[in-house]
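For reference, coords_7.txt is printed below; it contains compact mmCIF, N, CA, C and O atoms.
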```txt
# COMPACT_ATOMS: atom_id res chain seq x y z
N GLU A 1 17.76 -22.98 11.58
CA GLU A 1 16.93 -23.92 12.30
C GLU A 1 15.49 -23.78 11.82
O GLU A 1 14.94 -22.69 11.81
N HIS A 2 14.90 -24.87 11.42
CA HIS A 2 13.49 -24.87 11.02
C HIS A 2 12.62 -25.13 12.24
O HIS A 2 12.81 -26.13 12.94
N VAL A 3 11.70 -24.22 12.51
CA VAL A 3 10.74 -24.45 13.59
C VAL A 3 9.70 -25.43 13.10
O VAL A 3 9.34 -26.38 13.78
N VAL A 4 9.23 -25.21 11.90
CA VAL A 4 8.23 -26.06 11.28
C VAL A 4 8.63 -26.23 9.83
O VAL A 4 8.96 -25.26 9.16
N SER A 5 8.60 -27.45 9.33
CA SER A 5 8.96 -27.66 7.93
C SER A 5 7.73 -28.05 7.13
O SER A 5 7.77 -28.93 6.29
N ASP A 6 6.62 -27.42 7.43
CA ASP A 6 5.37 -27.69 6.75
C ASP A 6 4.74 -26.35 6.37
O ASP A 6 5.11 -25.32 6.90
N HIS A 7 3.80 -26.40 5.48
CA HIS A 7 3.10 -25.18 5.11
C HIS A 7 2.04 -24.87 6.17
O HIS A 7 1.28 -25.76 6.56
N LEU A 8 2.00 -23.64 6.59
CA LEU A 8 1.00 -23.18 7.57
C LEU A 8 0.13 -22.13 6.91
O LEU A 8 0.58 -21.36 6.08
N GLN A 9 -1.12 -22.09 7.32
CA GLN A 9 -2.05 -21.11 6.77
C GLN A 9 -1.97 -19.83 7.60
O GLN A 9 -1.88 -19.88 8.82
N ALA A 10 -2.04 -18.69 6.89
CA ALA A 10 -1.88 -17.41 7.58
C ALA A 10 -2.48 -16.29 6.73
O ALA A 10 -2.80 -16.49 5.56
N VAL A 11 -2.63 -15.13 7.35
CA VAL A 11 -2.93 -13.91 6.62
C VAL A 11 -1.75 -12.96 6.83
O VAL A 11 -1.08 -13.01 7.84
N LEU A 12 -1.53 -12.13 5.83
CA LEU A 12 -0.40 -11.20 5.84
C LEU A 12 -0.90 -9.80 5.52
O LEU A 12 -1.69 -9.61 4.60
N ASN A 13 -0.42 -8.85 6.30
CA ASN A 13 -0.57 -7.45 5.91
C ASN A 13 0.84 -6.94 5.65
O ASN A 13 1.74 -7.10 6.48
N TYR A 14 1.03 -6.37 4.47
CA TYR A 14 2.30 -5.73 4.15
C TYR A 14 1.98 -4.30 3.79
O TYR A 14 1.46 -4.01 2.72
N GLY A 15 2.21 -3.42 4.73
CA GLY A 15 1.83 -2.04 4.48
C GLY A 15 2.38 -1.10 5.52
O GLY A 15 3.23 -1.45 6.33
N LYS A 16 1.83 0.10 5.51
CA LYS A 16 2.33 1.19 6.36
C LYS A 16 1.48 1.46 7.58
O LYS A 16 1.66 2.46 8.25
N ARG A 17 0.53 0.58 7.87
CA ARG A 17 -0.27 0.63 9.11
C ARG A 17 -0.97 1.98 9.31
O ARG A 17 -0.79 2.63 10.34
N PRO A 18 -1.77 2.45 8.38
CA PRO A 18 -2.36 3.79 8.49
C PRO A 18 -3.27 3.99 9.70
O PRO A 18 -3.35 5.10 10.22
N THR A 19 -3.93 2.95 10.18
CA THR A 19 -4.83 3.10 11.32
C THR A 19 -4.06 3.34 12.62
O THR A 19 -4.57 3.95 13.55
N PHE A 20 -2.81 2.88 12.68
CA PHE A 20 -2.00 3.01 13.89
C PHE A 20 -0.90 4.04 13.77
O PHE A 20 0.06 4.04 14.53
N GLY A 21 -1.02 4.94 12.81
CA GLY A 21 0.04 5.92 12.58
C GLY A 21 0.99 5.34 11.57
O GLY A 21 1.61 4.32 11.80
N ARG A 22 1.07 5.95 10.45
CA ARG A 22 1.84 5.40 9.33
C ARG A 22 3.31 5.18 9.67
O ARG A 22 3.88 5.91 10.46
N THR A 23 3.88 4.17 9.04
CA THR A 23 5.32 3.95 9.11
C THR A 23 5.93 4.47 7.81
O THR A 23 5.24 4.59 6.81
N ASP A 24 7.20 4.77 7.85
CA ASP A 24 7.88 5.26 6.64
C ASP A 24 7.98 4.19 5.57
O ASP A 24 7.80 4.44 4.39
N LYS A 25 8.29 2.99 5.99
CA LYS A 25 8.44 1.87 5.07
C LYS A 25 7.38 0.82 5.38
O LYS A 25 7.01 0.64 6.54
N PRO A 26 6.93 0.09 4.37
CA PRO A 26 5.99 -1.00 4.64
C PRO A 26 6.62 -2.06 5.55
O PRO A 26 7.82 -2.32 5.45
N VAL A 27 5.81 -2.62 6.41
CA VAL A 27 6.26 -3.69 7.30
C VAL A 27 5.34 -4.90 7.13
O VAL A 27 4.14 -4.75 6.94
N PRO A 28 5.90 -6.12 7.22
CA PRO A 28 5.06 -7.31 7.14
C PRO A 28 4.51 -7.68 8.52
O PRO A 28 5.23 -7.60 9.52
N GLU A 29 3.24 -8.03 8.57
CA GLU A 29 2.61 -8.54 9.78
C GLU A 29 1.88 -9.82 9.38
O GLU A 29 0.98 -9.78 8.56
N VAL A 30 2.29 -10.94 9.96
CA VAL A 30 1.73 -12.24 9.59
C VAL A 30 1.01 -12.84 10.79
O VAL A 30 1.56 -12.89 11.89
N HIS A 31 -0.21 -13.28 10.57
CA HIS A 31 -0.98 -14.00 11.60
C HIS A 31 -1.14 -15.43 11.12
O HIS A 31 -1.84 -15.69 10.13
N ILE A 32 -0.46 -16.37 11.79
CA ILE A 32 -0.53 -17.79 11.43
C ILE A 32 -1.68 -18.42 12.21
O ILE A 32 -1.75 -18.30 13.43
N PHE A 33 -2.55 -19.11 11.50
CA PHE A 33 -3.71 -19.73 12.13
C PHE A 33 -3.27 -20.90 13.03
O PHE A 33 -2.43 -21.72 12.66
N ASN A 34 -3.87 -20.96 14.22
CA ASN A 34 -3.65 -22.08 15.15
C ASN A 34 -2.17 -22.35 15.42
O ASN A 34 -1.71 -23.48 15.37
N PHE A 35 -1.43 -21.30 15.70
CA PHE A 35 0.01 -21.42 15.94
C PHE A 35 0.37 -20.50 17.10
O PHE A 35 0.08 -19.31 17.06
N ASP A 36 0.99 -21.06 18.13
CA ASP A 36 1.28 -20.24 19.30
C ASP A 36 2.74 -20.29 19.74
O ASP A 36 3.07 -19.98 20.86
N ARG A 37 3.64 -20.65 18.83
CA ARG A 37 5.05 -20.69 19.17
C ARG A 37 5.69 -19.32 18.91
O ARG A 37 5.23 -18.56 18.08
N ASP A 38 6.78 -19.06 19.61
CA ASP A 38 7.49 -17.79 19.48
C ASP A 38 8.42 -17.85 18.26
O ASP A 38 9.28 -18.72 18.17
N LEU A 39 8.23 -16.95 17.33
CA LEU A 39 9.06 -16.90 16.13
C LEU A 39 9.99 -15.70 16.11
O LEU A 39 10.62 -15.43 15.10
N ASN A 40 10.09 -14.98 17.22
CA ASN A 40 11.02 -13.86 17.28
C ASN A 40 12.43 -14.34 16.99
O ASN A 40 12.85 -15.40 17.45
N LYS A 41 13.15 -13.58 16.19
CA LYS A 41 14.53 -13.87 15.78
C LYS A 41 14.63 -15.12 14.89
O LYS A 41 15.70 -15.67 14.72
N LYS A 42 13.51 -15.57 14.34
CA LYS A 42 13.50 -16.71 13.43
C LYS A 42 13.26 -16.22 12.01
O LYS A 42 12.65 -15.19 11.78
N THR A 43 13.75 -16.97 11.06
CA THR A 43 13.51 -16.67 9.65
C THR A 43 12.26 -17.40 9.21
O THR A 43 12.12 -18.60 9.47
N VAL A 44 11.37 -16.67 8.58
CA VAL A 44 10.11 -17.24 8.12
C VAL A 44 9.97 -16.95 6.63
O VAL A 44 10.18 -15.82 6.19
N GLU A 45 9.64 -17.97 5.87
CA GLU A 45 9.38 -17.79 4.44
C GLU A 45 7.87 -17.72 4.25
O GLU A 45 7.14 -18.58 4.72
N VAL A 46 7.43 -16.67 3.57
CA VAL A 46 6.00 -16.46 3.34
C VAL A 46 5.74 -16.55 1.84
O VAL A 46 6.41 -15.89 1.05
N VAL A 47 4.77 -17.37 1.48
CA VAL A 47 4.35 -17.50 0.09
C VAL A 47 2.95 -16.89 -0.01
O VAL A 47 2.04 -17.31 0.72
N ILE A 48 2.79 -15.92 -0.87
CA ILE A 48 1.50 -15.24 -1.00
C ILE A 48 0.64 -15.99 -2.00
O ILE A 48 1.06 -16.23 -3.13
N GLY A 49 -0.55 -16.37 -1.57
CA GLY A 49 -1.45 -17.12 -2.43
C GLY A 49 -2.51 -16.28 -3.09
O GLY A 49 -2.89 -16.54 -4.23
N LYS A 50 -3.00 -15.26 -2.40
CA LYS A 50 -4.08 -14.44 -2.94
C LYS A 50 -4.12 -13.10 -2.22
O LYS A 50 -3.99 -13.04 -1.00
N LYS A 51 -4.34 -12.04 -2.97
CA LYS A 51 -4.54 -10.73 -2.37
C LYS A 51 -6.02 -10.58 -2.05
O LYS A 51 -6.88 -10.76 -2.91
N LEU A 52 -6.31 -10.24 -0.80
CA LEU A 52 -7.70 -10.07 -0.39
C LEU A 52 -8.20 -8.66 -0.66
O LEU A 52 -9.31 -8.47 -1.14
N ARG A 53 -7.39 -7.68 -0.28
CA ARG A 53 -7.82 -6.28 -0.42
C ARG A 53 -6.62 -5.37 -0.29
O ARG A 53 -5.57 -5.78 0.19
N SER A 54 -6.79 -4.13 -0.68
CA SER A 54 -5.75 -3.13 -0.50
C SER A 54 -5.81 -2.58 0.92
O SER A 54 -6.85 -2.61 1.58
N GLU A 55 -4.69 -2.08 1.38
CA GLU A 55 -4.64 -1.47 2.71
C GLU A 55 -5.44 -0.17 2.70
O GLU A 55 -5.45 0.55 1.71
N ARG A 56 -6.10 0.10 3.82
CA ARG A 56 -6.84 1.35 3.92
C ARG A 56 -6.87 1.81 5.36
O ARG A 56 -6.62 1.05 6.28
N LEU A 57 -7.23 3.05 5.54
CA LEU A 57 -7.37 3.65 6.86
C LEU A 57 -8.74 3.31 7.42
O LEU A 57 -9.76 3.53 6.75
N PHE A 58 -8.77 2.77 8.64
CA PHE A 58 -10.04 2.48 9.30
C PHE A 58 -10.36 3.57 10.30
O PHE A 58 -9.47 4.24 10.82
N GLU A 59 -11.64 3.73 10.58
CA GLU A 59 -12.11 4.77 11.49
C GLU A 59 -11.52 4.61 12.89
O GLU A 59 -11.20 5.58 13.56
N ASN A 60 -11.37 3.36 13.33
CA ASN A 60 -10.83 3.08 14.66
C ASN A 60 -10.34 1.64 14.71
O ASN A 60 -10.51 0.87 13.75
N GLN A 61 -9.75 1.27 15.84
CA GLN A 61 -9.19 -0.07 15.99
C GLN A 61 -10.27 -1.15 15.92
O GLN A 61 -10.03 -2.23 15.40
N GLU A 62 -11.45 -0.85 16.45
CA GLU A 62 -12.53 -1.85 16.42
C GLU A 62 -12.96 -2.16 14.99
O GLU A 62 -13.23 -3.31 14.65
N ALA A 63 -13.05 -1.14 14.15
CA ALA A 63 -13.41 -1.36 12.74
C ALA A 63 -12.33 -2.18 12.05
O ALA A 63 -12.64 -3.07 11.24
N LEU A 64 -11.07 -1.92 12.36
CA LEU A 64 -9.97 -2.69 11.79
C LEU A 64 -10.05 -4.14 12.26
O LEU A 64 -9.93 -5.07 11.45
N LYS A 65 -10.28 -4.37 13.54
CA LYS A 65 -10.38 -5.73 14.07
C LYS A 65 -11.52 -6.49 13.40
O LYS A 65 -11.38 -7.67 13.08
N ALA A 66 -12.64 -5.83 13.19
CA ALA A 66 -13.78 -6.48 12.54
C ALA A 66 -13.42 -6.88 11.11
O ALA A 66 -13.76 -7.98 10.65
N GLN A 67 -12.71 -6.01 10.40
CA GLN A 67 -12.30 -6.33 9.02
C GLN A 67 -11.28 -7.47 9.01
O GLN A 67 -11.33 -8.35 8.15
N ILE A 68 -10.37 -7.47 9.97
CA ILE A 68 -9.38 -8.55 10.05
C ILE A 68 -10.08 -9.89 10.25
O ILE A 68 -9.70 -10.90 9.64
N GLN A 69 -11.12 -9.92 11.08
CA GLN A 69 -11.87 -11.17 11.27
C GLN A 69 -12.51 -11.63 9.97
O GLN A 69 -12.50 -12.82 9.65
N LYS A 70 -13.04 -10.69 9.20
CA LYS A 70 -13.60 -11.04 7.88
C LYS A 70 -12.51 -11.56 6.96
O LYS A 70 -12.71 -12.52 6.23
N ASP A 71 -11.34 -10.92 6.99
CA ASP A 71 -10.21 -11.35 6.17
C ASP A 71 -9.78 -12.77 6.54
O ASP A 71 -9.49 -13.59 5.67
N ILE A 72 -9.74 -13.06 7.83
CA ILE A 72 -9.36 -14.39 8.30
C ILE A 72 -10.35 -15.43 7.79
O ILE A 72 -9.96 -16.48 7.28
N GLU A 73 -11.65 -15.14 7.91
CA GLU A 73 -12.66 -16.09 7.43
C GLU A 73 -12.55 -16.30 5.92
O GLU A 73 -12.62 -17.43 5.44
N GLU A 74 -12.35 -15.22 5.17
CA GLU A 74 -12.20 -15.34 3.72
C GLU A 74 -10.96 -16.16 3.39
O GLU A 74 -10.98 -17.00 2.48
N SER A 75 -9.88 -15.95 4.12
CA SER A 75 -8.64 -16.70 3.89
C SER A 75 -8.83 -18.18 4.19
O SER A 75 -8.39 -19.04 3.41
N LYS A 76 -9.47 -18.48 5.30
CA LYS A 76 -9.70 -19.90 5.65
C LYS A 76 -10.56 -20.58 4.58
O LYS A 76 -10.29 -21.73 4.22
N ASN A 77 -11.55 -19.88 4.08
CA ASN A 77 -12.38 -20.44 3.01
C ASN A 77 -11.54 -20.67 1.75
O ASN A 77 -11.69 -21.69 1.08
N TRP A 78 -10.66 -19.72 1.43
CA TRP A 78 -9.79 -19.86 0.26
C TRP A 78 -8.87 -21.07 0.42
O TRP A 78 -8.73 -21.88 -0.50
N PHE A 79 -8.25 -21.22 1.59
CA PHE A 79 -7.38 -22.37 1.84
C PHE A 79 -8.15 -23.68 1.72
O PHE A 79 -7.64 -24.66 1.16
N GLN A 80 -9.37 -23.70 2.22
CA GLN A 80 -10.19 -24.91 2.13
C GLN A 80 -10.46 -25.26 0.67
O GLN A 80 -10.33 -26.42 0.26
N ARG A 81 -10.80 -24.27 -0.14
CA ARG A 81 -11.05 -24.52 -1.56
C ARG A 81 -9.79 -25.02 -2.27
O ARG A 81 -9.86 -25.90 -3.12
N GLN A 82 -8.63 -24.48 -1.89
CA GLN A 82 -7.37 -24.93 -2.50
C GLN A 82 -7.10 -26.39 -2.15
O GLN A 82 -6.66 -27.16 -2.99
N GLY A 83 -7.38 -26.76 -0.90
CA GLY A 83 -7.20 -28.16 -0.47
C GLY A 83 -8.13 -29.09 -1.22
O GLY A 83 -7.75 -30.19 -1.60
N GLU A 84 -9.38 -28.63 -1.44
CA GLU A 84 -10.34 -29.45 -2.17
C GLU A 84 -9.89 -29.64 -3.62
O GLU A 84 -10.00 -30.73 -4.17
N LYS A 85 -9.36 -28.57 -4.23
CA LYS A 85 -8.85 -28.67 -5.62
C LYS A 85 -7.67 -29.65 -5.68
O LYS A 85 -7.57 -30.45 -6.59
N LYS A 86 -6.78 -29.56 -4.70
CA LYS A 86 -5.60 -30.41 -4.66
C LYS A 86 -6.00 -31.87 -4.50
O LYS A 86 -5.47 -32.76 -5.16
N ASN A 87 -6.95 -32.13 -3.61
CA ASN A 87 -7.41 -33.50 -3.37
C ASN A 87 -8.18 -34.07 -4.55
O ASN A 87 -8.24 -35.27 -4.72
N ALA A 88 -8.78 -33.21 -5.35
CA ALA A 88 -9.57 -33.66 -6.51
C ALA A 88 -8.68 -34.07 -7.68
O ALA A 88 -9.11 -34.78 -8.56
N SER A 89 -7.42 -33.60 -7.67
CA SER A 89 -6.56 -33.95 -8.81
C SER A 89 -5.75 -35.18 -8.57
O SER A 89 -5.73 -35.80 -7.61
```

Could you spell out this file's structure in structure tokens?
Amino acid sequence: EHVVSDHLQAVLNYGKRPTFGRTDKPVPEVHIFNFDRDLNKKTVEVVIGKKLRSERLFENQEALKAQIQKDIEESKNWFQRQGEKKNAS
């Protein structure tokens, strides 16, 4: 079942979550912009467009949250530039 059959903008962390206590295996965490539907038990296809930065350990949760906000802004700017390139061709 397709919840949405369109491309959605998002940021992805695929890593071992060092700030929250490492996991043995990397886990994907996806934040979809402007999307509030429940995707639990759903299959989601993720296409990676650009790597923003490597995973790192943050001093605390607040520092991580601040960096995530910067990552979101950088991602939104990247998506906007991609749309402008697409519309220009």

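If only C-alpha atoms are the atoms counted, then among A:Phe79, A:Lys16, A:Phe35, A:Leu52 the closest residue to Gln67 in chain A is A:Leu52.
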
Write out as a ChimeraX atom specification the set of residues from chain A that DSSP, computed on the backbone, places in strand (DSSP E). /A:10-15,27-32

Those residues with N, CA, C and O atoms, as a short mmCIF file (atom, residue, chain, number, x, y, z; two decimals), in the frame of the given file please?
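Dumped to selection36.cif:
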```cif
data_model
loop_
_atom_site.label_atom_id
_atom_site.label_comp_id
_atom_site.auth_asym_id
_atom_site.auth_seq_id
_atom_site.Cartn_x
_atom_site.Cartn_y
_atom_site.Cartn_z
N ALA A 10 -2.04 -18.69 6.89
CA ALA A 10 -1.88 -17.41 7.58
C ALA A 10 -2.48 -16.29 6.73
O ALA A 10 -2.80 -16.49 5.56
N VAL A 11 -2.63 -15.13 7.35
CA VAL A 11 -2.93 -13.91 6.62
C VAL A 11 -1.75 -12.96 6.83
O VAL A 11 -1.08 -13.01 7.84
N LEU A 12 -1.53 -12.13 5.83
CA LEU A 12 -0.40 -11.20 5.84
C LEU A 12 -0.90 -9.80 5.52
O LEU A 12 -1.69 -9.61 4.60
N ASN A 13 -0.42 -8.85 6.30
CA ASN A 13 -0.57 -7.45 5.91
C ASN A 13 0.84 -6.94 5.65
O ASN A 13 1.74 -7.10 6.48
N TYR A 14 1.03 -6.37 4.47
CA TYR A 14 2.30 -5.73 4.15
C TYR A 14 1.98 -4.30 3.79
O TYR A 14 1.46 -4.01 2.72
N GLY A 15 2.21 -3.42 4.73
CA GLY A 15 1.83 -2.04 4.48
C GLY A 15 2.38 -1.10 5.52
O GLY A 15 3.23 -1.45 6.33
N VAL A 27 5.81 -2.62 6.41
CA VAL A 27 6.26 -3.69 7.30
C VAL A 27 5.34 -4.90 7.13
O VAL A 27 4.14 -4.75 6.94
N PRO A 28 5.90 -6.12 7.22
CA PRO A 28 5.06 -7.31 7.14
C PRO A 28 4.51 -7.68 8.52
O PRO A 28 5.23 -7.60 9.52
N GLU A 29 3.24 -8.03 8.57
CA GLU A 29 2.61 -8.54 9.78
C GLU A 29 1.88 -9.82 9.38
O GLU A 29 0.98 -9.78 8.56
N VAL A 30 2.29 -10.94 9.96
CA VAL A 30 1.73 -12.24 9.59
C VAL A 30 1.01 -12.84 10.79
O VAL A 30 1.56 -12.89 11.89
N HIS A 31 -0.21 -13.28 10.57
CA HIS A 31 -0.98 -14.00 11.60
C HIS A 31 -1.14 -15.43 11.12
O HIS A 31 -1.84 -15.69 10.13
N ILE A 32 -0.46 -16.37 11.79
CA ILE A 32 -0.53 -17.79 11.43
C ILE A 32 -1.68 -18.42 12.21
O ILE A 32 -1.75 -18.30 13.43
#
```

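The shortest atom-to-atom distance to Phe20 in chain A, with all atoms listed in the file taken into account, belongs to A:Asn60 out of A:Val44, A:Asp38, A:Asn60, A:His7.
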
By how many Å are atom O of Pro28 in chain A and atom C of Asn13 in chain A apart? 5.9 Å

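Between atom O of Thr19 in chain A and CA of Ile72 in chain A the interatomic distance comes to 19.7 Å.
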
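Among the candidates A:Arg37, A:Trp78, A:Gly83, A:His31, the one nearest to Val11 in chain A when counting all atoms listed in the file is A:His31.
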
Å distance separating CA of Arg81 in chain A from CA of Gln9 in chain A, one decimal place: 12.7 Å

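Running DSSP on the backbone and keeping only alpha helix (DSSP H), the residues of chain A that qualify are Gln61, Glu62, Ala63, Leu64, Lys65, Ala66, Gln67, Ile68, Gln69, Lys70, Asp71, Ile72, Glu73, Glu74, Ser75, Lys76, Asn77, Trp78, Phe79, Gln80, Arg81, Gln82, Gly83, Glu84, Lys85, Lys86, Asn87 and Ala88 of chain A.
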
Shell around Phe58 in chain A at 6 Å using only N, CA, C and O atoms, local window under 5 positions removed, as number ranges by chain: A: 18-19, 63-64

Please put the answer as AutoDock Vina command-line options: centre and edge lengths, in Å with one decimal, of a box along x, y and z that encloses all listed atoms of range 31-48 of chain A plus 6 Å on each side.
```
--center_x 5.9 --center_y -18.4 --center_z 8.9 --size_x 31.6 --size_y 22.2 --size_z 36.0
```

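Comparing A:Thr43, A:Ser75, A:Arg17, A:Leu12 by their smallest distance to Val30 in chain A, the closest is A:Leu12 (using all atoms listed in the file).
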
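Among the candidates A:Glu84, A:Ala10, A:Asp24, A:Glu62, the residue lying nearest to Ile48 in chain A is A:Ala10 (atoms considered: only C-alpha atoms).
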